[in-house]
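For reference, target.pdb is printed below; it contains PDB, C-alpha atoms.
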ATOM      1  CA  MET F  13     -37.776 -46.203-186.298
ATOM      2  CA  ASP F  14     -40.503 -48.482-187.515
ATOM      3  CA  ASN F  15     -44.218 -48.273-186.756
ATOM      4  CA  ASN F  16     -43.923 -51.094-184.198
ATOM      5  CA  ASP F  17     -41.587 -49.052-182.034
ATOM      6  CA  PRO F  18     -43.488 -47.540-179.076
ATOM      7  CA  CYS F  19     -41.490 -44.337-179.613
ATOM      8  CA  ALA F  20     -42.135 -44.157-183.346
ATOM      9  CA  PRO F  21     -43.252 -40.626-184.214
ATOM     10  CA  ASP F  22     -46.912 -40.125-185.027
ATOM     11  CA  ALA F  23     -45.905 -38.573-188.362
ATOM     12  CA  ALA F  24     -44.501 -41.946-189.446
ATOM     13  CA  ARG F  25     -47.992 -43.409-189.413
ATOM     14  CA  PRO F  26     -50.297 -42.925-192.379
ATOM     15  CA  GLY F  27     -52.991 -40.319-191.898
ATOM     16  CA  SER F  28     -51.272 -37.998-189.421
ATOM     17  CA  ALA F  29     -51.117 -34.993-191.726
ATOM     18  CA  GLU F  30     -52.242 -32.460-189.102
ATOM     19  CA  ASP F  31     -48.632 -31.633-188.226
ATOM     20  CA  GLU F  32     -45.412 -31.289-190.172
ATOM     21  CA  PRO F  33     -43.299 -34.437-190.269
ATOM     22  CA  PRO F  34     -40.146 -34.421-188.151
ATOM     23  CA  GLN F  35     -37.048 -32.930-189.754
ATOM     24  CA  PRO F  36     -33.469 -33.698-188.858
ATOM     25  CA  ALA F  37     -32.041 -31.188-186.391
ATOM     26  CA  SER F  38     -29.581 -29.977-189.049
ATOM     27  CA  SER F  39     -32.509 -28.928-191.245
ATOM     28  CA  TYR F  40     -33.908 -26.861-188.380
ATOM     29  CA  ALA F  41     -30.600 -25.045-187.994
ATOM     30  CA  GLU F  42     -30.288 -24.382-191.712
ATOM     31  CA  GLN F  43     -33.813 -22.982-191.956
ATOM     32  CA  SER F  44     -33.868 -20.875-188.783
ATOM     33  CA  GLY F  45     -30.348 -19.492-188.658
ATOM     34  CA  SER F  46     -29.860 -20.923-185.192
ATOM     35  CA  SER F  47     -28.332 -24.130-183.955
ATOM     36  CA  ILE F  48     -29.197 -26.570-181.209
ATOM     37  CA  ASP F  49     -26.309 -28.152-179.318
ATOM     38  CA  LEU F  50     -27.933 -30.895-177.238
ATOM     39  CA  ASP F  51     -25.503 -32.931-175.164
ATOM     40  CA  ILE F  52     -27.006 -35.928-173.360
ATOM     41  CA  ASN F  53     -25.181 -37.653-170.512
ATOM     42  CA  ASP F  54     -26.827 -40.844-169.204
ATOM     43  CA  THR F  55     -25.158 -41.130-165.807
ATOM     44  CA  THR F  56     -27.239 -44.228-165.042
ATOM     45  CA  GLY F  57     -25.876 -46.222-167.975
ATOM     46  CA  ARG F  58     -29.332 -47.765-168.292
ATOM     47  CA  LEU F  59     -30.537 -46.190-171.546
ATOM     48  CA  HIS F  60     -29.866 -48.131-174.737
ATOM     49  CA  ALA F  61     -27.966 -46.390-177.543
ATOM     50  CA  THR F  62     -31.108 -46.348-179.707
ATOM     51  CA  ALA F  63     -33.045 -44.625-176.910
ATOM     52  CA  LEU F  64     -30.305 -42.012-176.560
ATOM     53  CA  SER F  65     -30.252 -41.472-180.321
ATOM     54  CA  TRP F  66     -34.038 -41.055-180.418
ATOM     55  CA  LEU F  67     -33.943 -38.667-177.458
ATOM     56  CA  SER F  68     -31.174 -36.648-179.105
ATOM     57  CA  GLU F  69     -32.982 -36.361-182.444
ATOM     58  CA  PHE F  70     -36.400 -35.473-181.073
ATOM     59  CA  GLY F  71     -34.945 -33.429-178.204
ATOM     60  CA  ALA F  72     -33.241 -31.131-180.716
ATOM     61  CA  LEU F  73     -36.493 -30.847-182.677
ATOM     62  CA  ALA F  74     -38.480 -30.032-179.521
ATOM     63  CA  VAL F  75     -35.957 -27.420-178.375
ATOM     64  CA  GLY F  76     -35.999 -25.890-181.860
ATOM     65  CA  ARG F  77     -39.791 -25.623-181.808
ATOM     66  CA  ALA F  78     -39.776 -24.187-178.296
ATOM     67  CA  VAL F  79     -37.260 -21.432-178.983
ATOM     68  CA  GLY F  80     -38.585 -20.632-182.450
ATOM     69  CA  GLY F  81     -36.581 -18.849-185.116
ATOM     70  CA  GLY F  82     -33.829 -16.338-184.778
ATOM     71  CA  ALA F  83     -30.112 -16.630-184.929
ATOM     72  CA  GLY F  84     -28.129 -18.013-182.059
ATOM     73  CA  ALA F  85     -26.477 -21.110-180.736
ATOM     74  CA  HIS F  86     -28.678 -22.772-178.150
ATOM     75  CA  VAL F  87     -26.794 -25.032-175.735
ATOM     76  CA  VAL F  88     -28.683 -27.645-173.732
ATOM     77  CA  ALA F  89     -26.895 -30.125-171.476
ATOM     78  CA  LEU F  90     -29.207 -32.957-170.428
ATOM     79  CA  SER F  91     -28.169 -35.280-167.611
ATOM     80  CA  VAL F  92     -30.146 -38.456-166.978
ATOM     81  CA  VAL F  93     -29.778 -39.484-163.327
ATOM     82  CA  ASP F  94     -31.214 -42.004-160.863
ATOM     83  CA  ASP F  95     -33.430 -41.398-157.814
ATOM     84  CA  SER F  96     -30.552 -41.061-155.379
ATOM     85  CA  THR F  97     -28.702 -38.451-157.435
ATOM     86  CA  MET F  98     -31.888 -36.509-158.151
ATOM     87  CA  ALA F  99     -32.912 -36.533-154.485
ATOM     88  CA  GLY F 100     -29.527 -35.087-153.527
ATOM     89  CA  LEU F 101     -29.758 -32.361-156.168
ATOM     90  CA  HIS F 102     -33.378 -31.606-155.308
ATOM     91  CA  PHE F 103     -32.514 -31.101-151.651
ATOM     92  CA  SER F 104     -29.327 -29.116-152.245
ATOM     93  CA  HIS F 105     -30.930 -26.740-154.771
ATOM     94  CA  SER F 106     -34.544 -26.553-153.570
ATOM     95  CA  GLY F 107     -34.448 -27.666-149.938
ATOM     96  CA  ILE F 108     -37.029 -30.350-150.749
ATOM     97  CA  GLU F 109     -36.422 -33.971-149.821
ATOM     98  CA  GLY F 110     -36.928 -36.758-152.350
ATOM     99  CA  ALA F 111     -36.503 -37.121-156.076
ATOM    100  CA  THR F 112     -38.357 -35.027-158.630
ATOM    101  CA  ASP F 113     -38.788 -35.418-162.371
ATOM    102  CA  VAL F 114     -36.737 -32.482-163.683
ATOM    103  CA  LEU F 115     -34.473 -29.704-162.428
ATOM    104  CA  THR F 116     -33.516 -26.808-164.665
ATOM    105  CA  PHE F 117     -30.471 -24.580-164.315
ATOM    106  CA  ASP F 118     -30.560 -21.556-166.613
ATOM    107  CA  LEU F 119     -26.917 -20.509-167.037
ATOM    108  CA  ARG F 120     -27.529 -17.401-169.149
ATOM    109  CA  ASP F 121     -26.566 -13.914-168.033
ATOM    110  CA  ASP F 122     -29.225 -12.501-170.378
ATOM    111  CA  PRO F 123     -32.561 -14.346-170.069
ATOM    112  CA  THR F 124     -33.538 -13.147-173.555
ATOM    113  CA  GLY F 125     -30.427 -14.586-175.227
ATOM    114  CA  ALA F 126     -29.808 -17.980-176.749
ATOM    115  CA  LEU F 127     -30.313 -20.876-174.353
ATOM    116  CA  ASP F 128     -27.491 -22.043-172.137
ATOM    117  CA  VAL F 129     -29.161 -24.490-169.814
ATOM    118  CA  GLU F 130     -28.433 -27.584-167.805
ATOM    119  CA  ILE F 131     -31.407 -29.885-167.353
ATOM    120  CA  VAL F 132     -31.329 -32.880-165.034
ATOM    121  CA  VAL F 133     -33.999 -35.562-165.480
ATOM    122  CA  CYS F 134     -34.690 -38.589-163.328
ATOM    123  CA  LEU F 135     -34.887 -41.900-165.204
ATOM    124  CA  ASP F 136     -36.479 -43.700-162.243
ATOM    125  CA  GLU F 137     -39.217 -41.068-161.961
ATOM    126  CA  ALA F 138     -39.761 -41.200-165.732
ATOM    127  CA  ARG F 139     -40.240 -44.974-165.512
ATOM    128  CA  ARG F 140     -42.754 -44.574-162.675
ATOM    129  CA  GLN F 141     -44.695 -41.842-164.468
ATOM    130  CA  ALA F 142     -44.592 -43.447-167.914
ATOM    131  CA  SER F 143     -46.148 -46.726-166.704
ATOM    132  CA  ASP F 144     -47.733 -47.802-169.996
ATOM    133  CA  ARG F 145     -46.072 -45.100-172.102
ATOM    134  CA  CYS F 146     -42.618 -45.063-173.595
ATOM    135  CA  VAL F 147     -39.980 -43.878-171.098
ATOM    136  CA  GLU F 148     -38.139 -42.019-173.874
ATOM    137  CA  ARG F 149     -41.235 -39.916-174.499
ATOM    138  CA  GLU F 150     -41.447 -39.144-170.793
ATOM    139  CA  LEU F 151     -37.794 -38.044-170.747
ATOM    140  CA  LEU F 152     -38.425 -35.908-173.832
ATOM    141  CA  LEU F 153     -41.342 -34.284-172.010
ATOM    142  CA  TYR F 154     -39.051 -33.484-169.060
ATOM    143  CA  LEU F 155     -36.438 -31.980-171.379
ATOM    144  CA  LEU F 156     -39.034 -29.804-173.068
ATOM    145  CA  HIS F 157     -40.520 -28.826-169.703
ATOM    146  CA  GLY F 158     -37.121 -27.554-168.557
ATOM    147  CA  VAL F 159     -36.608 -25.564-171.753
ATOM    148  CA  LEU F 160     -40.053 -23.980-171.468
ATOM    149  CA  HIS F 161     -39.237 -22.869-167.922
ATOM    150  CA  CYS F 162     -36.176 -21.071-169.341
ATOM    151  CA  ILE F 163     -38.215 -19.187-171.903
ATOM    152  CA  GLY F 164     -40.820 -17.898-169.481
ATOM    153  CA  PHE F 165     -43.368 -20.646-168.905
ATOM    154  CA  ASP F 166     -44.330 -21.660-165.389
ATOM    155  CA  ASP F 167     -46.671 -24.225-163.880
ATOM    156  CA  HIS F 168     -47.192 -23.088-160.301
ATOM    157  CA  ASP F 169     -50.816 -21.978-160.579
ATOM    158  CA  PRO F 170     -53.638 -23.777-162.406
ATOM    159  CA  GLY F 171     -53.881 -21.377-165.373
ATOM    160  CA  ASP F 172     -50.132 -21.388-165.988
ATOM    161  CA  PHE F 173     -50.051 -25.162-165.453
ATOM    162  CA  ASP F 174     -52.632 -25.700-168.184
ATOM    163  CA  LEU F 175     -50.924 -23.262-170.567
ATOM    164  CA  MET F 176     -47.477 -24.796-170.104
ATOM    165  CA  HIS F 177     -48.606 -28.378-170.535
ATOM    166  CA  ALA F 178     -50.748 -27.499-173.549
ATOM    167  CA  ARG F 179     -47.642 -25.930-175.136
ATOM    168  CA  GLU F 180     -45.643 -29.088-174.392
ATOM    169  CA  ASP F 181     -48.184 -31.275-176.134
ATOM    170  CA  GLU F 182     -48.494 -28.802-179.031
ATOM    171  CA  ILE F 183     -44.732 -28.972-179.639
ATOM    172  CA  LEU F 184     -44.588 -32.749-179.261
ATOM    173  CA  ARG F 185     -47.421 -33.185-181.756
ATOM    174  CA  ALA F 186     -45.737 -30.750-184.171
ATOM    175  CA  ILE F 187     -42.513 -32.788-184.217
ATOM    176  CA  GLY F 188     -44.405 -36.029-184.754
ATOM    177  CA  VAL F 189     -44.097 -37.556-181.288
ATOM    178  CA  GLY F 190     -47.688 -36.918-180.226
ATOM    179  CA  SER F 191     -49.150 -35.726-176.965
ATOM    180  CA  VAL F 192     -47.312 -37.058-173.904
ATOM    181  CA  PHE F 193     -48.537 -35.018-170.955
ATOM    182  CA  GLY F 194     -52.159 -35.050-172.119
ATOM    183  CA  ASP F 195     -52.037 -38.844-172.158
ATOM    184  CA  GLY F 196     -51.211 -39.024-168.461
ATOM    185  CA  GLU F 197     -53.109 -38.519-165.282
ATOM    186  CA  ASP F 198     -53.755 -34.937-164.238
ATOM    187  CA  ASP F 199     -51.918 -35.125-160.915
ATOM    188  CA  ARG F 200     -51.962 -31.425-160.025
TER     189      ARG F 200
END
Final structure tokens representation of the file:
Amino acid sequence: MDNNDPCAPDAARPGSAEDEPPQPASSYAEQSGSSIDLDINDTTGRLHATALSWLSEFGALAVGRAVGGGAGAHVVALSVVDDSTMAGLHFSHSGIEGATDVLTFDLRDDPTGALDVEIVVCLDEARRQASDRCVERELLLYLLHGVLHCIGFDDHDPGDFDLMHAREDEILRAIGVGSVFGDGEDDR
């Protein structure tokens, strides 16, 4: 990625030494003793290969930061869907009509074990929410949000909301992407 790319990581720009530069996902696995298996399925067919590659690279980094060290094989299946598909899933699993940004399905028997999660994100909602931001960053935020839910974060009351979204931005800055949620409107 070059510095003209709207999704170029902050660490690629001179003077952003506050955080470590991004590392390839394989380096994370070698250093932590765990692995991240991130499988992305764009059911919409609307994301370009470079966007999927970027999302895969930085998604693995974000998941690695979220789960921290420790041995284990973390499995994350990310499905990118449209409004219609998301609305159907939202209603069938939550009883709420209309699309939402992200749905998370924790498939683990042991909630303290390595991740085994299916995360569904809505591309149309990401495009609406991103407005002047990069849609890939918005999708990355949704992926990270789903992972954080699986490891104990919640956002249903104001204190937890602030804590969860601060952690999202902390992780995104640490991997060189920069704050995403903090750049948006506070639409609590």
task = Run the PyMOL selection byres ((chain F and resi 114-119) around 10) against the file shown and list the residues it catches, as a PyMOL selection string.
result = chain F and resi 87-93+98+101-102+105-106+111-113+120-123+127-135+137-138+151+153-155+157-163
Point-to-point distance in Å for CA of Glu182 in chain F and CA of His86 in chain F =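 About the pair CA of His86 in chain F and CA of Glu182 in chain F: they are 20.7 Å apart.
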query = Quick one: of F:Ser104, F:Ser46, F:Ser191, F:Gln141, who's nearest to Arg77 in chain F, counting all atoms listed in the file?
reply =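 Smallest distance to Arg77 in chain F is found for F:Ser46.
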message = For the provided coordinates, the residues matched by the PyMOL selection byres ((chain F and resi 74) around 7) should be stated as a PyMOL selection string.
response = chain F and resi 70-73+75-78+156+183-184+187
request  = Grab the CA of Leu50 in chain F to CA of Trp66 in chain F distance for me, in Å with one decimal place.
outcome  =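 The value is 12.3 Å.
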message = So that I can see what lies close to Leu64 in chain F, please list as a PyMOL selection string the residues with an atom at most 9 Å from it, counting all atoms listed in the file and leaving out residues fewer than 5 positions away in the same chain.
response = chain F and resi 52+54+59+69+148
query = Between CA of Asp136 in chain F and CA of Ala178 in chain F, what is the spacing in Å?
reply =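 Rounded to one decimal, the two atoms are 24.4 Å apart.
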Hey, could you pull the box centre and edge lengths for range 79-96 of chain F, axis-aligned, 4 Å padding per side, all listed atoms, to one decimal in Å, as AutoDock Vina command-line options?
--center_x -32.5 --center_y -29.2 --center_z -170.2 --size_x 20.1 --size_y 33.7 --size_z 37.7
